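Next comes model23.pdb, with PDB, C-alpha atoms and all ligand atoms.
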ATOM      1  CA  MET A   1       0.000   0.000   0.000
ATOM      2  CA  LYS A   2       1.476   3.365  -1.022
ATOM      3  CA  ILE A   3       1.204   5.999   1.683
ATOM      4  CA  VAL A   4       1.887   9.718   1.873
ATOM      5  CA  ALA A   5       2.202  11.090   5.414
ATOM      6  CA  PHE A   6       1.930  14.788   6.295
ATOM      7  CA  ALA A   7       4.136  15.594   9.272
ATOM      8  CA  GLY A   8       5.305  18.364  11.561
ATOM      9  CA  GLY A   9       8.127  17.760  14.029
ATOM     10  CA  VAL A  10       8.073  15.507  17.068
ATOM     11  CA  GLY A  11       4.587  13.886  16.858
ATOM     12  CA  GLY A  12       4.820  13.586  13.089
ATOM     13  CA  ALA A  13       8.319  12.135  13.174
ATOM     14  CA  LYS A  14       7.419   9.427  15.698
ATOM     15  CA  PHE A  15       4.499   8.206  13.600
ATOM     16  CA  ALA A  16       6.426   8.477  10.309
ATOM     17  CA  HIS A  17       9.133   6.336  11.943
ATOM     18  CA  GLY A  18       6.493   3.717  12.749
ATOM     19  CA  LEU A  19       5.339   3.751   9.119
ATOM     20  CA  ALA A  20       8.945   3.418   7.918
ATOM     21  CA  HIS A  21       9.199   0.192   9.950
ATOM     22  CA  VAL A  22       6.104  -1.432   8.481
ATOM     23  CA  LEU A  23       6.114  -0.232   4.851
ATOM     24  CA  PRO A  24       8.655  -0.991   2.126
ATOM     25  CA  PRO A  25      10.692   2.223   1.694
ATOM     26  CA  GLU A  26       9.416   2.828  -1.846
ATOM     27  CA  ASP A  27       5.839   2.886  -0.495
ATOM     28  CA  LEU A  28       6.325   5.763   1.957
ATOM     29  CA  THR A  29       6.679   9.486   1.252
ATOM     30  CA  VAL A  30       6.719  11.909   4.175
ATOM     31  CA  ILE A  31       5.818  15.513   3.332
ATOM     32  CA  VAL A  32       7.088  17.844   6.013
ATOM     33  CA  ASN A  33       6.039  21.306   7.171
ATOM     34  CA  THR A  34       8.551  24.069   6.454
ATOM     35  CA  GLY A  35       6.465  26.931   7.906
ATOM     36  CA  ASP A  36       8.628  26.737  11.063
ATOM     37  CA  ASP A  37      11.858  27.338   9.123
ATOM     38  CA  PHE A  38      13.874  30.397  10.045
ATOM     39  CA  GLU A  39      17.299  31.981   9.904
ATOM     40  CA  HIS A  40      19.428  32.174  12.998
ATOM     41  CA  TYR A  41      23.127  33.083  13.217
ATOM     42  CA  GLY A  42      22.896  33.441   9.414
ATOM     43  CA  LEU A  43      22.010  29.749   9.100
ATOM     44  CA  TYR A  44      18.960  28.278   7.382
ATOM     45  CA  ILE A  45      17.229  26.041   9.949
ATOM     46  CA  CYS A  46      14.385  23.590   9.200
ATOM     47  CA  PRO A  47      13.294  22.266  12.614
ATOM     48  CA  ASP A  48      10.528  19.913  11.433
ATOM     49  CA  LEU A  49      12.423  18.559   8.448
ATOM     50  CA  ASP A  50      15.476  17.861  10.606
ATOM     51  CA  THR A  51      13.392  16.209  13.323
ATOM     52  CA  VAL A  52      11.804  13.867  10.770
ATOM     53  CA  CYS A  53      15.172  13.077   9.138
ATOM     54  CA  TYR A  54      17.012  12.512  12.424
ATOM     55  CA  THR A  55      14.181  10.283  13.663
ATOM     56  CA  LEU A  56      14.017   8.143  10.517
ATOM     57  CA  ALA A  57      17.816   7.902  10.523
ATOM     58  CA  GLY A  58      17.734   6.686  14.157
ATOM     59  CA  MET A  59      19.814   9.714  15.250
ATOM     60  CA  ALA A  60      17.171  11.682  17.185
ATOM     61  CA  ASN A  61      17.569  12.518  20.842
ATOM     62  CA  PRO A  62      15.144  10.099  22.554
ATOM     63  CA  ASP A  63      14.605  12.430  25.525
ATOM     64  CA  THR A  64      13.587  15.579  23.653
ATOM     65  CA  GLY A  65      12.318  14.041  20.387
ATOM     66  CA  TRP A  66      14.213  16.814  18.529
ATOM     67  CA  GLY A  67      17.933  17.374  17.954
ATOM     68  CA  ARG A  68      20.626  14.701  17.819
ATOM     69  CA  VAL A  69      21.412  11.896  20.249
ATOM     70  CA  ASN A  70      24.702  12.246  22.184
ATOM     71  CA  GLU A  71      24.778  15.938  21.342
ATOM     72  CA  THR A  72      27.274  18.490  22.711
ATOM     73  CA  TRP A  73      26.698  22.243  22.948
ATOM     74  CA  ASP A  74      30.165  23.830  22.759
ATOM     75  CA  VAL A  75      29.518  26.154  19.821
ATOM     76  CA  ILE A  76      26.289  27.723  21.089
ATOM     77  CA  GLU A  77      27.697  28.065  24.625
ATOM     78  CA  ASN A  78      30.794  29.823  23.310
ATOM     79  CA  ALA A  79      28.686  32.102  21.096
ATOM     80  CA  ALA A  80      26.453  32.919  24.089
ATOM     81  CA  ARG A  81      29.531  33.779  26.182
ATOM     82  CA  LEU A  82      30.337  36.383  23.528
ATOM     83  CA  GLY A  83      26.827  37.836  23.756
ATOM     84  CA  GLY A  84      25.093  35.765  21.046
ATOM     85  CA  PRO A  85      21.477  34.608  21.473
ATOM     86  CA  ALA A  86      21.114  31.222  23.170
ATOM     87  CA  TRP A  87      17.306  30.886  23.281
ATOM     88  CA  PHE A  88      17.291  28.521  20.317
ATOM     89  CA  ARG A  89      19.487  25.581  21.292
ATOM     90  CA  LEU A  90      21.711  24.425  18.448
ATOM     91  CA  GLY A  91      23.847  21.378  19.176
ATOM     92  CA  ASP A  92      27.288  20.881  17.656
ATOM     93  CA  GLN A  93      26.317  17.964  15.391
ATOM     94  CA  ASP A  94      23.053  19.674  14.449
ATOM     95  CA  LEU A  95      25.020  22.799  13.478
ATOM     96  CA  GLY A  96      26.848  20.717  10.878
ATOM     97  CA  THR A  97      23.492  20.127   9.169
ATOM     98  CA  HIS A  98      22.616  23.839   9.165
ATOM     99  CA  LEU A  99      26.079  24.910   7.985
ATOM    100  CA  GLU A 100      26.062  22.551   5.018
ATOM    101  CA  ARG A 101      22.423  23.279   4.127
ATOM    102  CA  THR A 102      23.084  27.031   4.201
ATOM    103  CA  ARG A 103      26.243  26.676   2.100
ATOM    104  CA  ARG A 104      24.320  24.727  -0.536
ATOM    105  CA  MET A 105      21.365  27.123  -0.529
ATOM    106  CA  LYS A 106      23.764  30.029  -1.109
ATOM    107  CA  GLU A 107      25.076  28.080  -4.130
ATOM    108  CA  GLY A 108      21.506  27.966  -5.456
ATOM    109  CA  GLN A 109      20.497  24.391  -4.600
ATOM    110  CA  THR A 110      16.869  23.866  -3.622
ATOM    111  CA  LEU A 111      15.723  22.623  -0.219
ATOM    112  CA  SER A 112      14.328  19.440  -1.787
ATOM    113  CA  GLN A 113      17.619  18.647  -3.594
ATOM    114  CA  ILE A 114      19.559  19.219  -0.383
ATOM    115  CA  THR A 115      17.128  17.093   1.633
ATOM    116  CA  GLU A 116      17.437  14.256  -0.876
ATOM    117  CA  ASP A 117      21.244  14.348  -0.600
ATOM    118  CA  PHE A 118      21.169  14.505   3.196
ATOM    119  CA  CYS A 119      18.757  11.546   3.333
ATOM    120  CA  LYS A 120      21.179   9.520   1.175
ATOM    121  CA  ALA A 121      24.089  10.467   3.427
ATOM    122  CA  TRP A 122      22.073   9.420   6.492
ATOM    123  CA  ASP A 123      20.933   6.199   4.806
ATOM    124  CA  ILE A 124      17.225   7.035   5.015
ATOM    125  CA  GLN A 125      15.395   4.743   2.602
ATOM    126  CA  SER A 126      11.911   6.309   2.544
ATOM    127  CA  MET A 127      11.284   9.565   0.681
ATOM    128  CA  ILE A 128      11.222  12.742   2.782
ATOM    129  CA  LEU A 129      10.134  15.920   1.009
ATOM    130  CA  PRO A 130       9.812  19.495   2.257
ATOM    131  CA  MET A 131       6.297  20.741   1.466
ATOM    132  CA  SER A 132       7.747  23.482  -0.752
ATOM    133  CA  ASP A 133      11.045  24.840  -2.012
ATOM    134  CA  GLN A 134       9.716  28.383  -1.663
ATOM    135  CA  PRO A 135       9.684  30.032   1.746
ATOM    136  CA  VAL A 136       6.455  29.879   3.752
ATOM    137  CA  ARG A 137       6.636  31.553   7.146
ATOM    138  CA  THR A 138       4.136  30.798   9.906
ATOM    139  CA  MET A 139       3.239  33.934  11.840
ATOM    140  CA  VAL A 140       1.403  33.567  15.142
ATOM    141  CA  GLU A 141      -1.051  36.417  15.732
ATOM    142  CA  THR A 142      -1.114  36.970  19.490
ATOM    143  CA  GLU A 143      -2.516  39.474  21.967
ATOM    144  CA  GLU A 144       1.033  40.859  22.147
ATOM    145  CA  GLY A 145       1.311  41.301  18.379
ATOM    146  CA  ASP A 146       2.432  39.072  15.538
ATOM    147  CA  LEU A 147       5.330  36.743  16.263
ATOM    148  CA  ALA A 148       7.416  34.643  13.880
ATOM    149  CA  PHE A 149       6.827  31.003  14.775
ATOM    150  CA  GLN A 150      10.121  30.227  16.570
ATOM    151  CA  GLU A 151       9.906  33.537  18.424
ATOM    152  CA  TYR A 152       6.505  32.419  19.762
ATOM    153  CA  PHE A 153       7.318  28.721  20.213
ATOM    154  CA  VAL A 154      10.826  28.726  21.644
ATOM    155  CA  HIS A 155      11.729  32.275  22.709
ATOM    156  CA  ARG A 156       8.345  33.139  24.247
ATOM    157  CA  ARG A 157       7.592  29.492  25.262
ATOM    158  CA  CYS A 158       4.085  29.719  23.701
ATOM    159  CA  GLU A 159       3.031  32.128  26.482
ATOM    160  CA  PRO A 160       1.298  34.915  24.475
ATOM    161  CA  ARG A 161      -2.404  34.203  23.896
ATOM    162  CA  VAL A 162      -3.102  33.200  20.317
ATOM    163  CA  ARG A 163      -5.660  34.959  18.091
ATOM    164  CA  GLY A 164      -4.879  33.349  14.748
ATOM    165  CA  PHE A 165      -2.227  32.296  12.261
ATOM    166  CA  ARG A 166      -0.885  33.528   8.946
ATOM    167  CA  PHE A 167       1.310  31.629   6.510
ATOM    168  CA  GLU A 168       3.345  34.260   4.699
ATOM    169  CA  GLY A 169       4.276  33.310   1.154
ATOM    170  CA  VAL A 170       1.765  30.470   0.960
ATOM    171  CA  GLU A 171      -0.159  32.024  -1.966
ATOM    172  CA  VAL A 172       2.844  31.730  -4.270
ATOM    173  CA  ALA A 173       4.520  28.643  -2.802
ATOM    174  CA  GLU A 174       4.359  25.600  -5.071
ATOM    175  CA  PRO A 175       4.481  22.055  -3.716
ATOM    176  CA  ALA A 176       8.097  20.811  -3.878
ATOM    177  CA  PRO A 177       9.000  18.540  -6.813
ATOM    178  CA  GLY A 178       7.629  15.078  -6.093
ATOM    179  CA  VAL A 179       4.858  16.156  -3.718
ATOM    180  CA  LYS A 180       1.982  16.088  -6.236
ATOM    181  CA  GLU A 181       3.342  12.944  -7.888
ATOM    182  CA  ALA A 182       3.592  11.120  -4.536
ATOM    183  CA  ILE A 183       0.002  12.036  -3.665
ATOM    184  CA  GLN A 184      -1.175  10.953  -7.110
ATOM    185  CA  ALA A 185       0.548   7.581  -6.722
ATOM    186  CA  ALA A 186      -0.638   7.045  -3.124
ATOM    187  CA  ASP A 187      -3.445   4.745  -2.015
ATOM    188  CA  ALA A 188      -4.058   7.015   0.972
ATOM    189  CA  VAL A 189      -2.780  10.107   2.767
ATOM    190  CA  ILE A 190      -2.248  10.019   6.530
ATOM    191  CA  ILE A 191      -2.188  13.191   8.600
ATOM    192  CA  CYS A 192       0.232  12.407  11.438
ATOM    193  CA  PRO A 193      -0.582  13.352  15.057
ATOM    194  CA  SER A 194       1.016  16.771  14.582
ATOM    195  CA  ASN A 195      -0.211  20.220  15.584
ATOM    196  CA  PRO A 196      -3.195  20.901  13.251
ATOM    197  CA  TRP A 197      -2.788  24.704  13.399
ATOM    198  CA  VAL A 198       0.911  25.186  12.782
ATOM    199  CA  SER A 199       2.280  21.875  11.492
ATOM    200  CA  ILE A 200      -0.478  20.512   9.220
ATOM    201  CA  ASN A 201      -2.422  23.610   8.076
ATOM    202  CA  PRO A 202       0.622  25.061   6.240
ATOM    203  CA  ILE A 203       1.007  21.772   4.301
ATOM    204  CA  LEU A 204      -2.712  21.713   3.455
ATOM    205  CA  HIS A 205      -2.514  25.309   2.184
ATOM    206  CA  VAL A 206       0.401  24.439  -0.110
ATOM    207  CA  VAL A 207      -0.958  21.106  -1.353
ATOM    208  CA  LYS A 208      -4.483  22.552  -1.842
ATOM    209  CA  SER A 209      -6.472  19.557  -3.147
ATOM    210  CA  ILE A 210      -6.109  15.864  -2.311
ATOM    211  CA  GLU A 211      -8.115  13.437  -4.393
ATOM    212  CA  LYS A 212      -7.305  10.399  -2.260
ATOM    213  CA  PRO A 213      -8.703   8.911   0.936
ATOM    214  CA  VAL A 214      -7.270  10.924   3.842
ATOM    215  CA  ILE A 215      -7.200   9.803   7.449
ATOM    216  CA  ALA A 216      -5.983  11.793  10.441
ATOM    217  CA  ILE A 217      -4.633  10.847  13.874
ATOM    218  CA  SER A 218      -5.496  13.004  16.860
ATOM    219  CA  PRO A 219      -2.538  14.710  18.577
ATOM    220  CA  ILE A 220      -4.913  15.460  21.458
ATOM    221  CA  ILE A 221      -5.429  12.708  23.998
ATOM    222  CA  GLY A 222      -7.827  13.178  26.909
ATOM    223  CA  GLY A 223      -8.163  16.892  26.071
ATOM    224  CA  LYS A 224      -4.405  17.461  26.330
ATOM    225  CA  THR A 225      -1.425  17.484  24.005
ATOM    226  CA  VAL A 226       1.374  15.039  24.592
ATOM    227  CA  LYS A 227       3.744  17.947  24.052
ATOM    228  CA  GLY A 228       3.465  21.461  22.678
ATOM    229  CA  PRO A 229       0.768  24.124  22.408
ATOM    230  CA  ALA A 230      -1.984  22.568  20.220
ATOM    231  CA  ALA A 231      -4.506  22.241  23.109
ATOM    232  CA  LYS A 232      -3.649  25.729  24.385
ATOM    233  CA  MET A 233      -4.209  27.092  20.865
ATOM    234  CA  TYR A 234      -7.650  25.452  20.563
ATOM    235  CA  HIS A 235      -8.587  26.836  23.952
ATOM    236  CA  GLU A 236      -7.420  30.380  23.169
ATOM    237  CA  LEU A 237      -9.293  30.295  19.868
ATOM    238  CA  GLY A 238     -12.492  29.492  21.769
ATOM    239  CA  ILE A 239     -12.652  25.769  20.958
ATOM    240  CA  GLU A 240     -12.584  23.110  23.658
ATOM    241  CA  PRO A 241      -9.492  20.987  22.950
ATOM    242  CA  SER A 242     -10.436  17.362  22.318
ATOM    243  CA  ALA A 243     -10.260  14.618  19.719
ATOM    244  CA  VAL A 244     -13.670  15.883  18.514
ATOM    245  CA  ALA A 245     -12.186  19.352  17.927
ATOM    246  CA  VAL A 246      -9.428  17.785  15.808
ATOM    247  CA  ALA A 247     -11.928  15.633  13.877
ATOM    248  CA  ARG A 248     -14.009  18.778  13.158
ATOM    249  CA  HIS A 249     -10.851  20.643  12.138
ATOM    250  CA  TYR A 250     -10.197  18.108   9.358
ATOM    251  CA  CYS A 251     -13.704  16.787   8.666
ATOM    252  CA  ASP A 252     -14.123  18.315   5.172
ATOM    253  CA  LEU A 253     -10.951  16.580   4.069
ATOM    254  CA  ILE A 254     -10.833  13.212   5.810
ATOM    255  CA  THR A 255     -12.802  10.001   5.615
ATOM    256  CA  GLY A 256     -11.336   8.284   8.669
ATOM    257  CA  PHE A 257     -10.179   9.426  12.102
ATOM    258  CA  VAL A 258      -7.924   7.704  14.626
ATOM    259  CA  PHE A 259      -8.001   8.628  18.300
ATOM    260  CA  ASP A 260      -7.004   7.246  21.642
ATOM    261  CA  THR A 261      -8.813   4.656  23.757
ATOM    262  CA  VAL A 262      -8.986   7.128  26.657
ATOM    263  CA  ASP A 263     -11.360   9.150  24.433
ATOM    264  CA  ARG A 264     -13.539   6.154  23.525
ATOM    265  CA  GLN A 265     -16.666   7.949  24.840
ATOM    266  CA  LEU A 266     -16.287  10.515  21.994
ATOM    267  CA  GLU A 267     -16.740   7.898  19.279
ATOM    268  CA  GLY A 268     -20.465   8.568  18.698
ATOM    269  CA  GLU A 269     -19.870  12.296  18.249
ATOM    270  CA  ILE A 270     -16.965  11.678  15.857
ATOM    271  CA  LYS A 271     -18.927   9.111  13.830
ATOM    272  CA  SER A 272     -21.737  11.661  13.506
ATOM    273  CA  LEU A 273     -19.317  13.797  11.461
ATOM    274  CA  ASN A 274     -19.606  11.050   8.852
ATOM    275  CA  LEU A 275     -16.176   9.616   9.642
ATOM    276  CA  ARG A 276     -14.981   6.041  10.014
ATOM    277  CA  THR A 277     -13.218   5.665  13.331
ATOM    278  CA  LEU A 278     -10.363   3.671  14.774
ATOM    279  CA  VAL A 279     -10.034   3.793  18.550
ATOM    280  CA  THR A 280      -6.638   2.503  19.652
ATOM    281  CA  ASN A 281      -3.591   3.289  21.783
ATOM    282  CA  THR A 282      -2.084   6.343  20.072
ATOM    283  CA  LEU A 283       0.499   7.271  22.694
ATOM    284  CA  MET A 284       3.920   6.381  21.287
ATOM    285  CA  HIS A 285       6.353   5.868  24.159
ATOM    286  CA  SER A 286       8.473   3.169  22.562
ATOM    287  CA  HIS A 287       9.543   2.126  19.069
ATOM    288  CA  ASP A 288       7.122  -0.797  19.356
ATOM    289  CA  ASP A 289       4.253   1.639  20.045
ATOM    290  CA  ARG A 290       5.128   3.513  16.842
ATOM    291  CA  LYS A 291       5.182   0.313  14.791
ATOM    292  CA  GLN A 292       1.996  -1.014  16.323
ATOM    293  CA  LEU A 293       0.084   2.208  15.715
ATOM    294  CA  ALA A 294       1.332   2.327  12.114
ATOM    295  CA  SER A 295       0.280  -1.257  11.397
ATOM    296  CA  HIS A 296      -3.157  -0.796  13.044
ATOM    297  CA  ILE A 297      -3.745   2.248  10.892
ATOM    298  CA  LEU A 298      -2.634   0.517   7.682
ATOM    299  CA  SER A 299      -5.102  -2.329   8.397
ATOM    300  CA  PHE A 300      -7.814   0.252   9.115
ATOM    301  CA  ILE A 301      -7.106   1.954   5.766
ATOM    302  CA  GLY A 302      -6.910  -1.407   4.002
ATOM    303  CA  THR A 303     -10.443  -2.328   4.972
ATOM    304  CA  ASP A 304     -11.723   0.742   3.113
ATOM    305  CA  LEU A 305      -9.748   0.540  -0.144
TER
HETATM  306  P1  LIG B   1       6.403  19.993  16.613
HETATM  307  O1  LIG B   1       6.551  20.755  15.312
HETATM  308  O2  LIG B   1       7.699  19.465  17.161
HETATM  309  O3  LIG B   1       5.501  20.635  17.612
HETATM  310  O4  LIG B   1       5.741  18.627  16.170
HETATM  311  P2  LIG B   1       4.339  18.122  15.707
HETATM  312  O5  LIG B   1       3.404  19.203  15.321
HETATM  313  O6  LIG B   1       4.586  17.024  14.728
HETATM  314  O7  LIG B   1       3.892  17.418  17.030
HETATM  315  C1  LIG B   1       3.271  18.057  18.090
HETATM  316  C2  LIG B   1       2.024  17.299  18.420
HETATM  317  O8  LIG B   1       2.326  15.907  18.503
HETATM  318  C3  LIG B   1       1.446  17.697  19.751
HETATM  319  O9  LIG B   1       0.164  18.229  19.541
HETATM  320  C4  LIG B   1       1.421  16.383  20.546
HETATM  321  O10 LIG B   1       0.261  16.216  21.326
HETATM  322  C5  LIG B   1       1.486  15.334  19.471
HETATM  323  N1  LIG B   1       2.136  14.104  19.918
HETATM  324  C6  LIG B   1       3.409  13.962  20.352
HETATM  325  N2  LIG B   1       3.630  12.669  20.696
HETATM  326  C7  LIG B   1       2.465  11.994  20.470
HETATM  327  C8  LIG B   1       2.061  10.640  20.629
HETATM  328  O11 LIG B   1       2.827   9.767  21.068
HETATM  329  N3  LIG B   1       0.775  10.323  20.283
HETATM  330  C9  LIG B   1      -0.105  11.252  19.801
HETATM  331  N4  LIG B   1      -1.348  10.872  19.498
HETATM  332  N5  LIG B   1       0.241  12.550  19.653
HETATM  333  C10 LIG B   1       1.515  12.909  19.966
END

Full structure transcribed into structure tokens:
Amino acid sequence: MKIVAFAGGVGGAKFAHGLAHVLPPEDLTVIVNTGDDFEHYGLYICPDLDTVCYTLAGMANPDTGWGRVNETWDVIENAARLGGPAWFRLGDQDLGTHLERTRRMKEGQTLSQITEDFCKAWDIQSMILPMSDQPVRTMVETEEGDLAFQEYFVHRRCEPRVRGFRFEGVEVAEPAPGVKEAIQAADAVIICPSNPWVSINPILHVVKSIEKPVIAISPIIGGKTVKGPAAKMYHELGIEPSAVAVARHYCDLITGFVFDTVDRQLEGEIKSLNLRTLVTNTLMHSHDDRKQLASHILSFIGTDL
């Protein structure tokens, strides 16, 4: 079964890793949000793309879910001692990625070409594509003014109350080479358990139409996020955070919805949105959890094709 997965960072990467374990590599394409990308210390940084790549390469830090395992922090600590900003933590190995990516971009290579080369170097077999080669920048509209995504997410620790989001550049951004073709060739598209507002919406804006069965996995379990501000965002936008809120968020696009057993009592309400449902353990603590969730979801999709 050929699958395209839409992913943000940590939640998306964990599920994409599960899929990579249960699908032949040629059957999986992961399309990753680049709305979080930014420049820092003159370097071009792609937090979600790097998280997905490091995770599929088995190099991710298991404690944080982002960054590299066995990382050291000499460069950023030395820069901070000289007065440089230290709010965005850049590890020494991770900096190698940003240095080489930036060097290539300055030479005129595209983000998708660079990502393809990096994936080869890291021995990643499945296809990982940035959503676009053109810049799209997620702006968080808050009660304290508009903030660039990393400014909101990392520097301000998601504290300002959210009013809305804007994806600058999205009107002219084209899907990266391979994105449309992968969707066309896919049997189904899976929306990973990523933040619907800031990880998945930018991808949906770039991709525009999907003429394939789409299923989504809730990143909200028991009304809370596993990590990150998705539940806080729903709340501040006047929507009670829950698996139902996520199902409603995607309901014009999806045919099936996967959510956690702790939310089993919401099944009737979700089914009433005209969605097929899979209620299962969606919390991925271990590698086995990732694999198990991926194979449950593939069977769920299989019964509908
Ligand atoms: P970010 O860009 O690093 O914030 O990454 P994502 O948007 O991909 O992931 C953030 C979302 O993943 C949050 O809303 C979390 O609740 C969700 N998430 C993280 N781990 C898990 C998990 O094990 N299971 C589920 N269902 N959601 C998860």

Shell of 8 Å around ligand LIG 1 (chain B) (all atoms listed in the file), written as a PyMOL selection string: chain A and resi 7-15+36+47-48+51+65-66+192-196+198-200+217-221+224-231+259-260+282-285+290

Measure the distance from atom CA of A:Trp73 to atom CA of A:Gln113 in Å and round it to one decimal. 28.3 Å

Set the distance at 9 Å and use all atoms listed in the file: which residues neighbour A:Leu111 once local chain neighbours fewer than 5 positions away are removed? I'd like the list as an NGL selection string. :A and (101 or 104-105 or 116 or 129-130 or 132-134 or 176)

I'd like the neighbourhood of stretch 248-258 of chain A as a PDB file with C-alpha atoms, in the coordinates of the input, where a residue qualifies if any of its atoms comes within 8 Å (using all atoms listed in the file), though same-chain residues fewer than 6 positions away should be ignored.
ATOM      1  CA  PRO A 196      -3.195  20.901  13.251  1.00  0.00           C
ATOM      2  CA  PRO A 213      -8.703   8.911   0.936  1.00  0.00           C
ATOM      3  CA  VAL A 214      -7.270  10.924   3.842  1.00  0.00           C
ATOM      4  CA  ILE A 215      -7.200   9.803   7.449  1.00  0.00           C
ATOM      5  CA  ALA A 216      -5.983  11.793  10.441  1.00  0.00           C
ATOM      6  CA  ILE A 217      -4.633  10.847  13.874  1.00  0.00           C
ATOM      7  CA  SER A 218      -5.496  13.004  16.860  1.00  0.00           C
ATOM      8  CA  LEU A 273     -19.317  13.797  11.461  1.00  0.00           C
ATOM      9  CA  ASN A 274     -19.606  11.050   8.852  1.00  0.00           C
ATOM     10  CA  LEU A 275     -16.176   9.616   9.642  1.00  0.00           C
ATOM     11  CA  ARG A 276     -14.981   6.041  10.014  1.00  0.00           C
ATOM     12  CA  THR A 277     -13.218   5.665  13.331  1.00  0.00           C
ATOM     13  CA  LEU A 278     -10.363   3.671  14.774  1.00  0.00           C
ATOM     14  CA  VAL A 279     -10.034   3.793  18.550  1.00  0.00           C
ATOM     15  CA  THR A 280      -6.638   2.503  19.652  1.00  0.00           C
ATOM     16  CA  ILE A 297      -3.745   2.248  10.892  1.00  0.00           C
TER      17      ILE A 297
END

Spatial neighbours of A:Ile3, max dist 8 Å, only C-alpha atoms, sep filter under 6 positions, as a PyMOL selection string: chain A and resi 27-29+186-190

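A straight line drawn from atom CA of A:Ile76 to atom CA of A:Val136 is 26.4 Å long.
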
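Using only C-alpha atoms, the smallest distance between any of A:Glu240, A:Asp288, A:Glu181, A:Glu77 and A:Lys2 comes from A:Glu181.
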
Could you state which residues are captured by the PyMOL selection byres (((chain A and resi 50) around 10) and not hetatm) in this file, as a PDB file with C-alpha atoms, in the frame of the given file?
ATOM      1  CA  GLY A   9       8.127  17.760  14.029  1.00  0.00           C
ATOM      2  CA  ALA A  13       8.319  12.135  13.174  1.00  0.00           C
ATOM      3  CA  VAL A  32       7.088  17.844   6.013  1.00  0.00           C
ATOM      4  CA  ILE A  45      17.229  26.041   9.949  1.00  0.00           C
ATOM      5  CA  CYS A  46      14.385  23.590   9.200  1.00  0.00           C
ATOM      6  CA  PRO A  47      13.294  22.266  12.614  1.00  0.00           C
ATOM      7  CA  ASP A  48      10.528  19.913  11.433  1.00  0.00           C
ATOM      8  CA  LEU A  49      12.423  18.559   8.448  1.00  0.00           C
ATOM      9  CA  THR A  51      13.392  16.209  13.323  1.00  0.00           C
ATOM     10  CA  VAL A  52      11.804  13.867  10.770  1.00  0.00           C
ATOM     11  CA  CYS A  53      15.172  13.077   9.138  1.00  0.00           C
ATOM     12  CA  TYR A  54      17.012  12.512  12.424  1.00  0.00           C
ATOM     13  CA  THR A  55      14.181  10.283  13.663  1.00  0.00           C
ATOM     14  CA  LEU A  56      14.017   8.143  10.517  1.00  0.00           C
ATOM     15  CA  ALA A  60      17.171  11.682  17.185  1.00  0.00           C
ATOM     16  CA  TRP A  66      14.213  16.814  18.529  1.00  0.00           C
ATOM     17  CA  GLY A  67      17.933  17.374  17.954  1.00  0.00           C
ATOM     18  CA  ARG A  68      20.626  14.701  17.819  1.00  0.00           C
ATOM     19  CA  ASP A  94      23.053  19.674  14.449  1.00  0.00           C
ATOM     20  CA  THR A  97      23.492  20.127   9.169  1.00  0.00           C
ATOM     21  CA  HIS A  98      22.616  23.839   9.165  1.00  0.00           C
ATOM     22  CA  THR A 115      17.128  17.093   1.633  1.00  0.00           C
ATOM     23  CA  PHE A 118      21.169  14.505   3.196  1.00  0.00           C
TER      24      PHE A 118
END

Picked residues, the PyMOL selection byres (((chain A and resi 202) around 10) and not hetatm), expected as a ChimeraX atom specification: /A:8,32-36,131,136-138,165-168,170,196-201,203-208

Could you state the separation of atom CA of A:Gly145 and atom CA of A:Gly164 in Å, given to one decimal place? 10.7 Å

Restricted to N, CA and C atoms, what does stretch 208-217 of chain A look like when written out as a PDB file, in the first residue's frame?
ATOM      1  N   LYS A 208      -3.150  22.141  -1.345  1.00  0.00           N
ATOM      2  CA  LYS A 208      -4.483  22.552  -1.842  1.00  0.00           C
ATOM      3  C   LYS A 208      -5.482  21.403  -1.976  1.00  0.00           C
ATOM      4  N   SER A 209      -5.423  20.583  -3.053  1.00  0.00           N
ATOM      5  CA  SER A 209      -6.472  19.557  -3.147  1.00  0.00           C
ATOM      6  C   SER A 209      -5.846  18.164  -3.064  1.00  0.00           C
ATOM      7  N   ILE A 210      -6.598  17.245  -2.443  1.00  0.00           N
ATOM      8  CA  ILE A 210      -6.109  15.864  -2.311  1.00  0.00           C
ATOM      9  C   ILE A 210      -7.234  14.943  -2.767  1.00  0.00           C
ATOM     10  N   GLU A 211      -7.033  14.311  -3.908  1.00  0.00           N
ATOM     11  CA  GLU A 211      -8.115  13.437  -4.393  1.00  0.00           C
ATOM     12  C   GLU A 211      -7.836  11.981  -4.037  1.00  0.00           C
ATOM     13  N   LYS A 212      -7.600  11.746  -2.773  1.00  0.00           N
ATOM     14  CA  LYS A 212      -7.305  10.399  -2.260  1.00  0.00           C
ATOM     15  C   LYS A 212      -7.981  10.270  -0.909  1.00  0.00           C
ATOM     16  N   PRO A 213      -8.205   9.033  -0.443  1.00  0.00           N
ATOM     17  CA  PRO A 213      -8.703   8.911   0.936  1.00  0.00           C
ATOM     18  C   PRO A 213      -7.670   9.499   1.915  1.00  0.00           C
ATOM     19  N   VAL A 214      -8.166  10.306   2.847  1.00  0.00           N
ATOM     20  CA  VAL A 214      -7.270  10.924   3.842  1.00  0.00           C
ATOM     21  C   VAL A 214      -7.749  10.502   5.223  1.00  0.00           C
ATOM     22  N   ILE A 215      -6.820  10.074   6.067  1.00  0.00           N
ATOM     23  CA  ILE A 215      -7.200   9.803   7.449  1.00  0.00           C
ATOM     24  C   ILE A 215      -6.266  10.598   8.371  1.00  0.00           C
ATOM     25  N   ALA A 216      -6.785  10.980   9.522  1.00  0.00           N
ATOM     26  CA  ALA A 216      -5.983  11.793  10.441  1.00  0.00           C
ATOM     27  C   ALA A 216      -5.919  11.113  11.803  1.00  0.00           C
ATOM     28  N   ILE A 217      -4.823  11.379  12.512  1.00  0.00           N
ATOM     29  CA  ILE A 217      -4.633  10.847  13.874  1.00  0.00           C
ATOM     30  C   ILE A 217      -4.658  12.033  14.840  1.00  0.00           C
TER      31      ILE A 217
END
